[in-house]
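> For reference, the file entry.cif (mmCIF, C-alpha atoms) is included below:
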```cif
data_upload
#
loop_
_atom_site.label_atom_id
_atom_site.label_comp_id
_atom_site.auth_asym_id
_atom_site.auth_seq_id
_atom_site.Cartn_x
_atom_site.Cartn_y
_atom_site.Cartn_z
CA MET L 21 11.66 131.40 126.96
CA LEU L 22 12.33 127.83 127.98
CA VAL L 23 9.79 125.06 127.47
CA ILE L 24 10.50 121.99 129.58
CA ALA L 25 8.80 118.63 129.09
CA LEU L 26 9.30 116.35 132.08
CA MET L 27 9.11 112.58 131.99
CA PRO L 28 9.73 110.98 135.36
CA SER L 29 11.10 107.48 135.04
CA ALA L 30 10.58 104.61 137.45
CA ILE L 31 13.86 103.00 136.34
CA LYS L 32 16.18 103.10 139.35
CA ALA L 33 18.70 100.33 138.78
CA GLN L 34 19.44 101.04 135.14
CA ALA L 35 21.50 103.96 133.94
CA VAL L 36 19.75 106.21 131.46
CA VAL L 37 22.19 107.39 128.84
CA ASN L 38 21.57 110.08 126.24
CA ARG L 39 17.81 110.24 126.68
CA THR L 40 17.55 114.00 126.48
CA SER L 41 16.34 116.06 123.59
CA ILE L 42 17.00 119.73 122.98
CA LYS L 43 15.28 121.44 120.08
CA CYS L 44 15.34 125.10 119.12
CA MET L 45 11.76 126.24 118.68
CA GLY L 46 12.76 129.67 117.34
CA VAL L 47 14.95 132.71 117.73
CA GLU L 48 13.51 136.02 118.87
CA LEU L 49 14.48 139.43 117.49
CA ASP L 50 16.73 140.10 120.50
CA GLY L 51 18.68 136.89 119.79
CA SER L 52 17.18 134.84 122.61
CA GLN L 53 16.20 131.29 121.81
CA THR L 54 13.13 129.31 122.74
CA LEU L 55 14.21 125.75 123.51
CA ARG L 56 12.20 122.59 124.04
CA VAL L 57 14.02 120.38 126.49
CA ILE L 58 12.98 116.90 127.60
CA GLY L 59 14.46 115.56 130.81
CA TYR L 60 14.22 112.13 132.38
CA GLY L 61 14.61 111.31 136.03
CA LYS L 62 13.29 109.25 138.89
CA ASN L 63 10.82 112.02 139.75
CA ARG L 64 9.61 115.37 138.44
CA THR L 65 12.25 117.35 140.33
CA ASP L 66 15.12 115.25 138.96
CA ALA L 67 13.73 115.45 135.44
CA LYS L 68 13.36 119.24 135.69
CA GLU L 69 16.90 119.65 137.05
CA GLN L 70 18.35 117.43 134.32
CA ALA L 71 16.44 119.29 131.60
CA MET L 72 17.62 122.66 132.95
CA ASN L 73 21.25 121.51 133.14
CA ASP L 74 21.06 120.10 129.61
CA SER L 75 19.70 123.39 128.27
CA LEU L 76 22.44 125.33 130.09
CA ARG L 77 25.08 122.95 128.73
CA ALA L 78 23.76 123.59 125.21
CA LYS L 79 23.92 127.36 125.79
CA VAL L 80 27.52 127.09 127.04
CA SER L 81 28.48 125.06 123.97
CA ASP L 82 26.77 127.51 121.61
CA ALA L 83 28.29 130.59 123.25
CA THR L 84 31.76 129.02 123.17
CA ALA L 85 31.42 128.08 119.49
CA GLN L 86 30.30 131.60 118.57
CA ALA L 87 33.16 133.10 120.59
CA ASP L 88 35.63 130.76 118.86
CA ALA L 89 34.39 131.98 115.47
CA SER L 90 34.70 135.62 116.54
CA PHE L 91 38.21 135.01 117.86
CA ALA L 92 39.26 133.42 114.56
CA LEU L 93 37.85 136.43 112.69
CA GLY L 94 39.68 138.82 115.01
CA GLN L 95 42.98 137.04 114.42
CA LYS L 96 42.83 138.02 110.73
CA HIS L 97 43.55 141.67 111.65
CA ASP L 98 41.06 143.03 109.12
CA GLU L 99 39.57 146.48 109.65
CA GLY L 100 37.66 146.51 112.94
CA TYR L 101 39.24 143.26 114.11
CA GLU L 102 39.13 144.41 117.71
CA VAL L 103 35.31 144.33 117.54
CA ALA L 104 35.46 140.60 116.71
CA LEU L 105 37.92 140.08 119.59
CA LEU L 106 35.61 141.99 121.95
CA ASP L 107 32.69 139.80 120.81
CA ALA L 108 34.82 136.72 121.51
CA PHE L 109 35.80 138.00 124.96
CA ASN L 110 32.17 138.72 125.86
CA GLY L 111 31.06 135.35 124.44
CA TYR L 112 33.56 133.46 126.60
CA ALA L 113 32.48 135.49 129.64
CA HIS L 114 28.84 134.63 128.89
CA ALA L 115 29.68 130.94 128.56
CA ILE L 116 31.51 130.95 131.90
CA GLY L 117 28.61 132.75 133.60
CA THR L 118 26.08 130.31 132.15
CA ALA L 119 28.17 127.31 133.23
CA ALA L 120 28.17 128.64 136.80
CA LYS L 121 24.36 128.29 136.89
CA MET L 122 24.51 124.52 136.40
CA THR L 123 23.71 122.38 139.43
CA ALA L 124 24.95 118.95 138.29
CA ASN L 125 27.48 117.54 135.82
CA LYS L 126 29.04 120.97 135.49
CA VAL L 127 31.02 121.95 132.44
CA ASP L 128 34.77 122.23 132.94
CA THR L 129 35.33 125.96 132.41
CA LYS L 130 39.14 125.86 132.54
CA PRO L 131 39.47 125.66 128.72
CA ILE L 132 36.95 128.48 128.30
CA VAL L 133 38.78 130.64 130.87
CA ALA L 134 42.05 129.96 129.01
CA LYS L 135 40.43 131.10 125.74
CA LYS L 136 39.09 134.21 127.46
CA ASP L 137 42.58 135.00 128.79
CA LYS L 138 44.09 134.45 125.33
CA THR L 139 41.48 136.80 123.87
CA LYS L 140 42.25 139.41 126.51
CA ALA L 141 45.95 139.21 125.61
CA ALA L 142 45.06 139.64 121.91
CA LEU L 143 42.94 142.67 122.84
CA GLN L 144 45.83 144.22 124.76
CA GLU L 145 48.08 143.70 121.74
CA ALA L 146 45.40 145.26 119.51
CA ARG L 147 45.22 148.20 121.92
CA LYS L 148 48.96 148.76 121.55
CA GLU L 149 48.72 148.65 117.76
CA LEU L 150 45.80 151.07 117.73
CA ALA L 151 47.60 153.44 120.12
CA ASP L 152 50.63 153.44 117.80
CA LYS L 153 48.41 154.27 114.83
CA LYS L 154 46.67 157.01 116.81
CA LYS L 155 50.01 158.57 117.65
CA LEU L 156 51.11 158.36 114.01
CA PHE L 157 47.98 160.16 112.80
CA THR L 158 48.19 162.72 115.60
CA ASP L 159 51.80 163.49 114.65
CA GLU L 160 50.74 163.86 111.00
CA GLY L 161 48.07 166.41 111.99
CA MET L 162 45.12 164.15 111.19
CA ALA L 163 43.18 164.62 114.41
CA ASP L 164 39.88 163.31 112.99
CA ILE L 165 41.41 159.93 112.10
CA ALA L 166 43.29 159.85 115.42
CA ALA L 167 39.95 160.40 117.21
CA GLU L 168 38.56 157.27 115.51
CA PHE L 169 41.48 155.23 116.81
CA ASP L 170 40.89 156.73 120.26
CA LYS L 171 37.26 155.48 120.19
CA ARG L 172 38.47 151.99 119.28
CA ILE L 173 41.01 152.07 122.13
CA LYS L 174 38.32 153.13 124.63
CA ARG L 175 36.14 150.16 123.61
CA ILE L 176 39.02 147.83 124.48
CA ASP L 177 39.61 149.67 127.76
CA GLY L 178 36.00 148.88 128.71
CA ILE L 179 36.62 145.14 129.19
CA HIS L 180 36.72 143.69 132.71
#
```
Write out the structure in this file as structure tokens.

Amino acid sequence: MLVIALMPSAIKAQAVVNRTSIKCMGVELDGSQTLRVIGYGKNRTDAKEQAMNDSLRAKVSDATAQADASFALGQKHDEGYEVALLDAFNGYAHAIGTAAKMTANKVDTKPIVAKKDKTKAALQEARKELADKKKLFTDEGMADIAAEFDKRIKRIDGIH
């Protein structure tokens, strides 16, 4: 849910800098956030558009930061590291999709796309490593462990 407070401003000649406020009102059980956003503009429509773009910019920033943290975790190659890399990939994709909804002062998505591509390359490398381990366990006659590696490989194959 998004709560927007609008404050039209009659100031036309002066530039208004950093007069927005974004506050998290709470996080729901599904992970969605309720934000209070205040926008300023020469009329209600401008204020609403600015508030919406500011909230989207905040969501892009948050999604990118969370994806960065997941990517760093995935780079450690601990057990289940591909799950962290998949989370990072999906987080970057979410950030790019959210940025596309902005109508003004759009976020430059080139760095986010580069991070998504880097994550995809890391996932492909993880897939190769998991396939090698699957083959090793299959050759050793440990089909149950090989099946686990196969599940992990299929999760990676599901990315777009």
> Determine, counting all atoms listed in the file, which protein, DNA and RNA residues have an atom within 8 Å of an atom of Gln86 in chain L; residues of the same chain fewer than 3 positions away are not included. Present the result as an NGL selection string.
:L and (82-83 or 89-90 or 108 or 111)
> Spell out the residues picked by the PyMOL selection byres ((chain L and resi 172) around 12) here, as an mmCIF file with C-alpha atoms, in the frame of the given file.

```
data_model
loop_
_atom_site.group_PDB
_atom_site.id
_atom_site.type_symbol
_atom_site.label_atom_id
_atom_site.label_comp_id
_atom_site.auth_asym_id
_atom_site.auth_seq_id
_atom_site.Cartn_x
_atom_site.Cartn_y
_atom_site.Cartn_z
ATOM 1 C CA GLU L 99 39.570 146.480 109.650
ATOM 2 C CA GLY L 100 37.660 146.510 112.940
ATOM 3 C CA TYR L 101 39.240 143.260 114.110
ATOM 4 C CA GLU L 102 39.130 144.410 117.710
ATOM 5 C CA VAL L 103 35.310 144.330 117.540
ATOM 6 C CA LEU L 105 37.920 140.080 119.590
ATOM 7 C CA LEU L 106 35.610 141.990 121.950
ATOM 8 C CA LEU L 143 42.940 142.670 122.840
ATOM 9 C CA ALA L 146 45.400 145.260 119.510
ATOM 10 C CA ARG L 147 45.220 148.200 121.920
ATOM 11 C CA LYS L 148 48.960 148.760 121.550
ATOM 12 C CA GLU L 149 48.720 148.650 117.760
ATOM 13 C CA LEU L 150 45.800 151.070 117.730
ATOM 14 C CA ALA L 151 47.600 153.440 120.120
ATOM 15 C CA LYS L 153 48.410 154.270 114.830
ATOM 16 C CA LYS L 154 46.670 157.010 116.810
ATOM 17 C CA ILE L 165 41.410 159.930 112.100
ATOM 18 C CA ALA L 166 43.290 159.850 115.420
ATOM 19 C CA ALA L 167 39.950 160.400 117.210
ATOM 20 C CA GLU L 168 38.560 157.270 115.510
ATOM 21 C CA PHE L 169 41.480 155.230 116.810
ATOM 22 C CA ASP L 170 40.890 156.730 120.260
ATOM 23 C CA LYS L 171 37.260 155.480 120.190
ATOM 24 C CA ILE L 173 41.010 152.070 122.130
ATOM 25 C CA LYS L 174 38.320 153.130 124.630
ATOM 26 C CA ARG L 175 36.140 150.160 123.610
ATOM 27 C CA ILE L 176 39.020 147.830 124.480
ATOM 28 C CA ASP L 177 39.610 149.670 127.760
ATOM 29 C CA GLY L 178 36.000 148.880 128.710
#
```
> Taking the file above as input, evaluate the PyMOL selection byres ((chain L and resi 73-75) around 9) and report the hits as a ChimeraX atom specification.
/L:22,40-42,55-59,68-72,76-80,121-126
> In Å, with one decimal, what is the gap from CA of Thr139 in chain L to CA of Asp98 in chain L?
16.0 Å
> Could you tell me how far CA of Gln95 in chain L sits from CA of Ala120 in chain L, in Å to one decimal place?
28.1 Å
> Do you have the CA of Asn110 in chain L-CA of Ala87 in chain L distance handy?
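Separation between CA of Asn110 in chain L and CA of Ala87 in chain L: 7.8 Å.
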> Which centre and edge lengths in Å to one decimal define the box along x, y and z that fits every listed atom of range 92-101 of chain L plus 4 Å per side, as JSON?

```
{"center_x": 40.6, "center_y": 140.0, "center_z": 112.1, "size_x": 13.9, "size_y": 21.1, "size_z": 13.9}
```
> Would you please work out which residue, of L:Ala115, L:His97, L:Ile179, L:Gly161, is nearest to Gln144 in chain L when using all atoms listed in the file?
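Looking at the shortest contact to Gln144 in chain L, the residue is L:Ile179.
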> What residues come out when you apply the PyMOL selection byres ((chain L and resi 116) around 8) to this file, written as a PyMOL selection string?
chain L and resi 80+112-115+117-120+129+132-133
> With N, CA and C atoms as the goal, would you fill in the gaps in range 85-116 of chain L and present it as a short mmCIF file (atom, residue, chain, number, x, y, z; two decimals), in the frame of the given file?

```cif
data_model
loop_
_atom_site.label_atom_id
_atom_site.label_comp_id
_atom_site.auth_asym_id
_atom_site.auth_seq_id
_atom_site.Cartn_x
_atom_site.Cartn_y
_atom_site.Cartn_z
N ALA L 85 31.22 128.23 120.94
CA ALA L 85 31.42 128.08 119.49
C ALA L 85 31.36 129.43 118.78
N GLN L 86 30.41 130.27 119.17
CA GLN L 86 30.30 131.60 118.57
C GLN L 86 31.52 132.45 118.93
N ALA L 87 31.98 132.35 120.17
CA ALA L 87 33.16 133.10 120.59
C ALA L 87 34.40 132.62 119.84
N ASP L 88 34.51 131.30 119.63
CA ASP L 88 35.63 130.76 118.86
C ASP L 88 35.65 131.34 117.44
N ALA L 89 34.48 131.43 116.82
CA ALA L 89 34.39 131.98 115.47
C ALA L 89 34.78 133.45 115.46
N SER L 90 34.34 134.20 116.45
CA SER L 90 34.70 135.62 116.54
C SER L 90 36.19 135.79 116.76
N PHE L 91 36.77 134.93 117.60
CA PHE L 91 38.21 135.01 117.86
C PHE L 91 38.99 134.75 116.57
N ALA L 92 38.58 133.74 115.82
CA ALA L 92 39.26 133.42 114.56
C ALA L 92 39.17 134.59 113.59
N LEU L 93 38.03 135.26 113.55
CA LEU L 93 37.85 136.43 112.69
C LEU L 93 38.76 137.57 113.15
N GLY L 94 38.84 137.76 114.46
CA GLY L 94 39.68 138.82 115.01
C GLY L 94 41.16 138.61 114.77
N GLN L 95 41.57 137.36 114.65
CA GLN L 95 42.98 137.04 114.42
C GLN L 95 43.43 137.41 113.01
N LYS L 96 42.48 137.68 112.11
CA LYS L 96 42.83 138.02 110.73
C LYS L 96 43.32 139.46 110.60
N HIS L 97 43.10 140.27 111.62
CA HIS L 97 43.55 141.67 111.65
C HIS L 97 42.97 142.49 110.49
N ASP L 98 41.75 142.19 110.09
CA ASP L 98 41.06 143.03 109.12
C ASP L 98 40.57 144.29 109.83
N GLU L 99 40.07 145.24 109.06
CA GLU L 99 39.57 146.48 109.65
C GLU L 99 38.49 146.16 110.68
N GLY L 100 38.61 146.74 111.86
CA GLY L 100 37.66 146.51 112.94
C GLY L 100 37.84 145.18 113.64
N TYR L 101 39.01 144.58 113.52
CA TYR L 101 39.24 143.26 114.11
C TYR L 101 39.07 143.25 115.62
N GLU L 102 39.27 144.39 116.25
CA GLU L 102 39.13 144.41 117.71
C GLU L 102 37.67 144.21 118.13
N VAL L 103 36.74 144.55 117.25
CA VAL L 103 35.31 144.33 117.54
C VAL L 103 35.04 142.82 117.62
N ALA L 104 35.62 142.06 116.69
CA ALA L 104 35.46 140.60 116.71
C ALA L 104 36.10 140.03 117.98
N LEU L 105 37.26 140.56 118.37
CA LEU L 105 37.92 140.08 119.59
C LEU L 105 37.09 140.44 120.83
N LEU L 106 36.49 141.62 120.83
CA LEU L 106 35.61 141.99 121.95
C LEU L 106 34.39 141.07 122.01
N ASP L 107 33.82 140.74 120.85
CA ASP L 107 32.69 139.80 120.81
C ASP L 107 33.11 138.44 121.37
N ALA L 108 34.32 138.00 121.00
CA ALA L 108 34.82 136.72 121.51
C ALA L 108 34.99 136.77 123.02
N PHE L 109 35.59 137.85 123.52
CA PHE L 109 35.80 138.00 124.96
C PHE L 109 34.47 137.95 125.71
N ASN L 110 33.49 138.70 125.22
CA ASN L 110 32.17 138.72 125.86
C ASN L 110 31.46 137.37 125.74
N GLY L 111 31.65 136.68 124.62
CA GLY L 111 31.06 135.35 124.44
C GLY L 111 31.62 134.34 125.43
N TYR L 112 32.94 134.37 125.62
CA TYR L 112 33.56 133.46 126.60
C TYR L 112 33.07 133.80 128.01
N ALA L 113 32.97 135.09 128.32
CA ALA L 113 32.48 135.49 129.64
C ALA L 113 31.05 135.01 129.86
N HIS L 114 30.22 135.11 128.81
CA HIS L 114 28.84 134.63 128.89
C HIS L 114 28.79 133.12 129.12
N ALA L 115 29.64 132.39 128.40
CA ALA L 115 29.68 130.94 128.56
C ALA L 115 30.08 130.54 129.98
N ILE L 116 31.06 131.24 130.54
CA ILE L 116 31.51 130.95 131.90
C ILE L 116 30.40 131.26 132.90
#
```
